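Shown here: data_30.txt, compact mmCIF, C-alpha atoms.
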```txt
# COMPACT_ATOMS: atom_id res chain seq x y z
CA MET S 1 -18.74 21.36 47.82
CA ALA S 2 -19.46 24.31 45.55
CA GLN S 3 -16.42 25.92 43.95
CA THR S 4 -16.03 29.37 42.53
CA PRO S 5 -15.14 29.63 38.84
CA GLN S 6 -11.84 31.22 39.89
CA VAL S 7 -10.86 28.10 41.77
CA ALA S 8 -11.79 26.01 38.75
CA LEU S 9 -9.73 28.31 36.51
CA ALA S 10 -6.58 27.74 38.46
CA ARG S 11 -6.83 23.99 38.30
CA ASP S 12 -5.24 22.00 35.56
CA GLU S 13 -7.13 20.29 32.81
CA SER S 14 -7.52 16.82 34.28
CA HIS S 15 -9.01 18.37 37.40
CA LEU S 16 -11.38 20.42 35.25
CA ILE S 17 -12.44 17.25 33.47
CA SER S 18 -13.04 15.37 36.73
CA GLU S 19 -15.05 18.32 38.04
CA ALA S 20 -17.07 18.54 34.82
CA LYS S 21 -17.73 14.79 34.89
CA ALA S 22 -18.94 15.18 38.46
CA GLY S 23 -21.49 17.73 37.25
CA ASN S 24 -19.69 21.02 37.89
CA TYR S 25 -20.93 23.11 34.96
CA ALA S 26 -18.47 25.94 35.65
CA ALA S 27 -15.63 23.47 35.06
CA PHE S 28 -17.09 22.39 31.72
CA GLU S 29 -17.63 26.01 30.73
CA GLU S 30 -13.98 26.72 31.50
CA LEU S 31 -12.97 23.93 29.11
CA VAL S 32 -15.25 25.47 26.46
CA ASN S 33 -13.70 28.88 27.06
CA ARG S 34 -10.26 27.44 26.45
CA TYR S 35 -11.01 25.89 23.08
CA GLU S 36 -14.06 27.64 21.56
CA LYS S 37 -11.98 30.04 19.45
CA LYS S 38 -9.94 27.21 17.97
CA ILE S 39 -12.97 25.03 17.28
CA TYR S 40 -14.76 27.91 15.56
CA ARG S 41 -11.71 28.56 13.40
CA LEU S 42 -11.48 24.87 12.60
CA GLY S 43 -15.14 24.92 11.51
CA MET S 44 -14.53 28.00 9.36
CA ASN S 45 -11.48 26.41 7.83
CA ILE S 46 -13.06 23.09 6.95
CA THR S 47 -16.58 24.18 5.95
CA GLY S 48 -15.67 27.58 4.54
CA ASN S 49 -18.71 29.45 5.80
CA ARG S 50 -19.95 31.12 8.98
CA GLU S 51 -23.29 29.35 9.37
CA ASP S 52 -21.75 25.90 9.14
CA ALA S 53 -18.87 26.95 11.41
CA GLU S 54 -21.35 28.07 14.06
CA ASP S 55 -23.26 24.77 13.78
CA VAL S 56 -20.00 22.83 14.05
CA LEU S 57 -19.00 24.82 17.13
CA GLN S 58 -22.33 24.24 18.87
CA GLU S 59 -22.66 20.59 17.91
CA ALA S 60 -19.08 19.80 18.92
CA PHE S 61 -19.46 21.21 22.45
CA LEU S 62 -23.02 19.94 22.94
CA LYS S 63 -21.87 16.44 22.00
CA ALA S 64 -18.76 16.77 24.16
CA PHE S 65 -21.03 17.75 27.06
CA GLU S 66 -23.35 14.86 26.39
CA HIS S 67 -20.60 12.27 25.98
CA LEU S 68 -18.22 13.57 28.63
CA PRO S 69 -18.72 10.47 30.84
CA GLU S 70 -17.35 8.40 27.93
CA PHE S 71 -14.24 10.56 27.51
CA ARG S 72 -11.17 8.56 28.50
CA GLU S 73 -8.24 10.61 29.55
CA ASP S 74 -5.74 8.69 27.44
CA SER S 75 -5.93 11.49 24.87
CA ARG S 76 -6.06 15.25 25.31
CA PHE S 77 -9.50 16.79 25.81
CA TYR S 78 -8.71 19.18 22.98
CA THR S 79 -7.90 16.31 20.56
CA TRP S 80 -11.15 14.63 21.54
CA VAL S 81 -13.20 17.78 20.85
CA VAL S 82 -11.31 18.31 17.60
CA ARG S 83 -12.27 14.81 16.49
CA ILE S 84 -15.94 15.50 17.23
CA ALA S 85 -15.74 18.87 15.46
CA VAL S 86 -13.99 17.43 12.39
CA ASN S 87 -16.69 14.75 12.09
CA GLU S 88 -19.40 17.39 12.31
CA ALA S 89 -17.65 19.57 9.75
CA LEU S 90 -17.15 16.71 7.31
CA MET S 91 -20.78 15.72 7.72
CA LYS S 92 -21.77 19.28 6.78
CA LEU S 93 -19.65 19.04 3.66
CA ARG S 94 -21.11 15.67 2.73
CA LYS S 95 -24.63 17.04 3.05
CA ARG S 96 -23.79 20.12 1.05
CA ARG S 97 -22.15 18.38 -1.88
CA SER S 98 -22.80 14.70 -1.49
CA SER S 99 -23.21 14.25 -5.21
CA ARG S 100 -19.87 15.76 -6.08
CA GLU S 101 -17.36 14.91 -3.41
CA VAL S 102 -16.27 12.24 -0.96
CA PRO S 103 -14.56 14.14 1.86
CA MET S 104 -11.88 11.93 3.37
CA GLU S 105 -11.43 9.33 0.66
CA SER S 106 -10.31 11.71 -2.00
CA GLN S 107 -9.98 10.35 -5.51
CA GLU S 108 -6.77 12.29 -5.65
CA ASP S 109 -3.63 10.22 -5.42
CA ASP S 110 -1.54 10.84 -2.29
CA SER S 111 1.73 9.81 -3.81
CA GLY S 112 1.95 11.30 -7.31
CA GLU S 113 4.36 14.02 -8.34
CA VAL S 114 3.54 17.54 -7.17
CA VAL S 115 3.96 20.04 -9.97
CA VAL S 116 5.39 23.38 -8.91
CA ARG S 117 4.77 26.18 -11.38
CA GLU S 118 5.24 29.35 -9.34
CA PHE S 119 8.88 30.03 -8.45
CA ALA S 120 8.71 33.76 -7.77
CA ASP S 121 9.24 35.36 -4.36
CA TRP S 122 6.27 37.16 -2.87
CA LYS S 123 5.79 40.84 -2.33
CA PRO S 124 6.62 41.53 1.32
CA ASN S 125 3.98 41.37 4.09
CA PRO S 126 0.75 40.35 2.33
CA GLU S 127 -0.91 40.43 5.78
CA GLN S 128 -0.30 44.18 5.87
CA VAL S 129 -1.02 44.89 2.22
CA PHE S 130 -4.46 43.29 2.21
CA ALA S 131 -7.34 44.21 4.47
CA GLN S 132 -8.24 41.50 6.98
CA VAL S 133 -11.50 40.63 5.23
CA GLU S 134 -9.83 40.46 1.83
CA LEU S 135 -7.02 38.29 3.21
CA GLU S 136 -9.53 35.91 4.80
CA ARG S 137 -11.31 35.64 1.46
CA ILE S 138 -8.06 34.90 -0.39
CA LEU S 139 -6.97 32.25 2.11
CA GLN S 140 -10.37 30.62 2.13
CA THR S 141 -10.64 30.53 -1.66
CA ALA S 142 -7.22 28.89 -1.86
CA ALA S 143 -8.16 26.35 0.82
CA ASN S 144 -11.47 25.55 -0.84
CA SER S 145 -9.61 24.61 -4.01
CA LEU S 146 -8.15 21.63 -2.10
CA PRO S 147 -10.05 18.38 -1.51
CA PRO S 148 -11.46 18.50 2.07
CA GLY S 149 -9.30 15.54 3.11
CA PHE S 150 -6.19 17.51 2.24
CA ARG S 151 -7.11 20.86 3.72
CA THR S 152 -8.28 19.17 6.93
CA VAL S 153 -4.85 17.57 7.36
CA PHE S 154 -3.23 20.96 6.73
CA TYR S 155 -5.40 22.71 9.34
CA LEU S 156 -4.96 20.06 12.00
CA ARG S 157 -1.19 19.87 11.58
CA ASP S 158 -0.11 23.38 10.66
CA VAL S 159 -2.81 25.59 12.14
CA GLU S 160 -4.13 23.68 15.14
CA GLY S 161 -0.72 22.23 15.91
CA LEU S 162 -1.73 18.60 16.32
CA SER S 163 1.11 16.09 15.93
CA THR S 164 1.25 13.80 12.91
CA GLU S 165 0.11 10.91 15.13
CA GLU S 166 -2.79 12.88 16.64
CA THR S 167 -3.91 13.98 13.16
CA ALA S 168 -3.76 10.38 11.96
CA GLU S 169 -5.85 9.31 14.96
CA VAL S 170 -8.47 12.05 14.48
CA LEU S 171 -8.89 11.33 10.77
CA ASN S 172 -8.41 7.55 10.85
CA LEU S 173 -5.51 7.80 8.44
CA SER S 174 -2.07 6.23 8.54
CA VAL S 175 0.88 8.40 9.61
CA GLY S 176 2.26 8.04 6.08
CA ALA S 177 -1.00 9.28 4.54
CA VAL S 178 -1.01 12.31 6.85
CA LYS S 179 2.55 13.22 5.80
CA ALA S 180 1.79 12.73 2.11
CA ARG S 181 -1.36 14.86 2.29
CA LEU S 182 0.34 17.56 4.32
CA PHE S 183 3.11 17.81 1.76
CA ARG S 184 0.67 18.16 -1.11
CA ALA S 185 -1.64 20.52 0.76
CA ARG S 186 1.20 22.88 1.71
CA LEU S 187 2.57 23.04 -1.82
CA ARG S 188 -0.84 23.47 -3.43
CA LEU S 189 -1.87 26.24 -1.07
CA ARG S 190 1.45 27.94 -1.70
CA GLU S 191 0.88 27.60 -5.44
CA GLU S 192 -2.59 29.16 -5.18
CA LEU S 193 -1.42 32.02 -2.97
CA SER S 194 1.59 32.67 -5.18
CA LYS S 195 -0.73 33.59 -8.04
CA ILE S 196 -1.90 36.53 -5.94
CA PHE S 197 1.08 37.44 -3.76
CA LYS S 198 4.01 36.99 -6.14
CA ARG S 199 6.11 39.94 -7.14
CA GLY S 200 4.77 41.43 -10.31
CA ALA S 201 1.19 40.21 -9.73
CA ASN S 202 -1.43 42.88 -10.33
CA SER S 203 -3.46 42.63 -7.16
CA MET X 1 20.56 17.43 -5.39
CA LYS X 2 18.02 18.03 -8.17
CA CYS X 3 15.15 20.49 -7.78
CA ASN X 4 12.39 17.87 -7.84
CA LYS X 5 14.12 15.89 -5.08
CA ALA X 6 14.56 19.12 -3.06
CA ILE X 7 10.86 19.98 -3.40
CA LYS X 8 9.91 16.46 -2.35
CA GLU X 9 11.89 16.76 0.88
CA LEU X 10 10.71 20.29 1.67
CA SER X 11 7.75 19.36 3.84
CA ALA X 12 9.76 16.92 5.98
CA TYR X 13 12.49 19.57 6.22
CA LEU X 14 9.98 22.14 7.53
CA ASP X 15 8.94 19.59 10.18
CA GLY X 16 12.55 18.92 11.17
CA GLU X 17 12.24 15.28 10.14
CA LEU X 18 15.23 14.92 7.83
CA ASP X 19 18.38 13.15 8.96
CA ALA X 20 21.50 15.29 9.24
CA GLU X 21 23.03 14.29 5.92
CA LEU X 22 19.91 14.88 3.83
CA ARG X 23 19.25 18.14 5.67
CA GLN X 24 22.70 19.47 4.85
CA THR X 25 22.40 18.47 1.20
CA LEU X 26 19.01 20.20 0.99
CA GLU X 27 20.25 23.32 2.76
CA ALA X 28 23.18 23.53 0.34
CA HIS X 29 20.73 23.27 -2.57
CA LEU X 30 18.49 25.99 -1.08
CA THR X 31 21.50 28.29 -0.76
CA TYR X 32 22.28 28.13 -4.45
CA CYS X 33 18.91 27.52 -6.12
CA ASN X 34 16.75 30.64 -6.19
CA HIS X 35 13.70 28.75 -7.38
CA CYS X 36 13.71 26.19 -4.61
CA HIS X 37 14.58 28.81 -2.04
CA ALA X 38 11.54 30.83 -3.13
CA VAL X 39 9.34 27.73 -2.87
CA TYR X 40 10.73 27.03 0.60
CA ASP X 41 10.30 30.61 1.75
CA THR X 42 6.77 31.05 0.38
CA THR X 43 5.66 27.67 1.77
CA LYS X 44 6.75 28.87 5.21
CA LYS X 45 4.85 32.14 4.64
CA THR X 46 1.77 30.19 3.52
CA ILE X 47 1.72 28.34 6.85
CA GLU X 48 2.30 31.58 8.78
CA LEU X 49 -0.60 33.31 7.04
CA TYR X 50 -3.04 30.53 7.92
CA CYS X 51 -1.77 30.48 11.51
CA ASP X 52 -2.44 34.19 12.03
CA GLY X 53 -4.51 34.31 15.22
CA LYS X 54 -6.55 37.28 13.98
CA LEU X 55 -8.12 35.22 11.22
CA PHE X 56 -11.60 33.84 11.62
CA SER X 57 -11.95 35.17 15.13
CA LEU X 58 -15.00 34.02 17.06
CA PRO X 59 -17.73 36.70 16.85
CA GLU X 60 -19.20 37.65 20.23
CA ASP X 61 -22.79 36.83 19.18
CA VAL X 62 -21.74 33.35 18.00
CA ARG X 63 -20.00 32.79 21.33
CA ALA X 64 -23.08 33.98 23.25
CA ARG X 65 -25.35 31.59 21.30
CA LEU X 66 -22.99 28.68 22.04
CA HIS X 67 -23.10 29.34 25.77
CA ASP X 68 -26.90 29.78 25.67
CA ALA X 69 -27.24 26.43 23.89
CA LEU X 70 -25.00 24.74 26.47
CA ARG X 71 -27.01 26.16 29.38
CA ARG X 72 -30.26 24.97 27.75
CA LYS X 73 -28.70 21.51 27.39
CA LEU X 74 -27.69 21.63 31.04
CA GLN X 75 -31.29 22.42 32.07
CA GLU X 76 -32.59 19.51 29.95
CA CYS X 77 -30.14 17.14 31.62
CA LYS X 78 -31.07 18.20 35.13
```
Go ahead and express the file in the form of structure tokens.
Amino acid sequence: MAQTPQVALARDESHLISEAKAGNYAAFEELVNRYEKKIYRLGMNITGNREDAEDVLQEAFLKAFEHLPEFREDSRFYTWVVRIAVNEALMKLRKRRSSREVPMESQEDDSGEVVVREFADWKPNPEQVFAQVELERILQTAANSLPPGFRTVFYLRDVEGLSTEETAEVLNLSVGAVKARLFRARLRLREELSKIFKRGANS
Amino acid sequence: MKCNKAIKELSAYLDGELDAELRQTLEAHLTYCNHCHAVYDTTKKTIELYCDGKLFSLPEDVRARLHDALRRKLQECK
């Protein structure tokens, strides 16, 4: 029986998935509507540019659509789409700089000492001091200074809010490796941003 | 607690993963050590900045192209 999109909207996610699997396009579109903003942001964050982020967004949902019959509901739909999107994003990076970098298997040691050089407090409210575009540029430059395997862990855990276990599953890493990379990523991003936001800095 | 030990535990502390004893020792250190407190505070701010929902918002034309591509795929599959 045909259902209105409103009816689909009110239903919970597992119902939406069953409907989408049964060929109800409105149900699939509702799932896309729920997560498209996050997947675009994820693409921006991992690839660092708009064209690649748009490709990642499209590929992730086209593949999700195509492979929906294979989706098993023992993980969240969102985690499943994130895994597809992360693979697409990392593939983009590999293509772009295959000669220079190996995305997930970073040469960088996970366990070595993290050196902290910046101990100053920041000027208050950088998000109000800098224009949106400028702030995006600063955050992206800092993130791009990290190996992709580290910034991806940071985005999945701290920005997208995946658990340590979900992040480990998406990236095929151990829980310990996720924690070690998160620790280093957080401190290195902080170090980079401190150069710009610390009290007494020029900009 | 020494500073390098405090820094090492910071990430687990932010995630609420430290046991009570270690947490209290770290919190005591953060109270008295300006350097480590600044690192703690600015690490929290770093995460907050990246989490800002206004960042990297999905442009309307990008969204429209996504939905067009999905509908084309749907037609192909029919």
Checklist entry - So how far away is CA of Tyr50 in chain X from CA of Leu10 in chain X, in Å? => result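 Distance reported for this atom pair: 18.2 Å.
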Please list as a compact mmCIF listing (two decimals) with C-alpha atoms, keeping the file's coordinate frame every residue within 7 Å of range 1-7 of chain X, counting only C-alpha atoms and excluding residues in the same chain fewer than 6 positions away.
```txt
# COMPACT_ATOMS: atom_id res chain seq x y z
CA THR X 25 22.40 18.47 1.20
CA LEU X 26 19.01 20.20 0.99
CA HIS X 29 20.73 23.27 -2.57
CA CYS X 36 13.71 26.19 -4.61
```
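Any residue of chain X with an atom within 7 Å of chain S counts; using all atoms listed in the file, that gives Ser11, His35, Ala38, Val39, Thr42, Thr43, Thr46, Ile47, Tyr50, Cys51, Leu55, Phe56, Ser57, Leu58, Val62, Leu66 and Leu70 of chain X.
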Residues within 9 Å of Thr152 in chain S, please, as an MDAnalysis selection string. Count only C-alpha atoms; anything in the same chain fewer than 5 positions from it doesn't count.
chainID S and resid 42 45:46 86 104 147 157 171
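For the atom pair formed by CA of Asp52 in chain S and CA of Ala89 in chain S, the distance is 7.6 Å, given to one decimal.
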Check: Do you have the CA of Glu21 in chain X-CA of Ser174 in chain S distance handy?
Finding: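 So the answer is 26.5 Å.
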**Request:** Identify which of the residues X:Lys54, X:Pro59, X:Ala64, X:Leu30 lies closest to Ala131 in chain S, counting only C-alpha atoms when measuring atom-to-atom distances.
**Result:**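 For Ala131 in chain S, the nearest of the given residues is X:Lys54.
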Distance query range 75-80 of chain S at most 8 Å, only C-alpha atoms, self and fewer than 3 positions along chain excluded, as a list in words | Tyr35, Phe71, Arg72, Arg83, Ile84, Leu162, Glu166 and Val170 of chain S
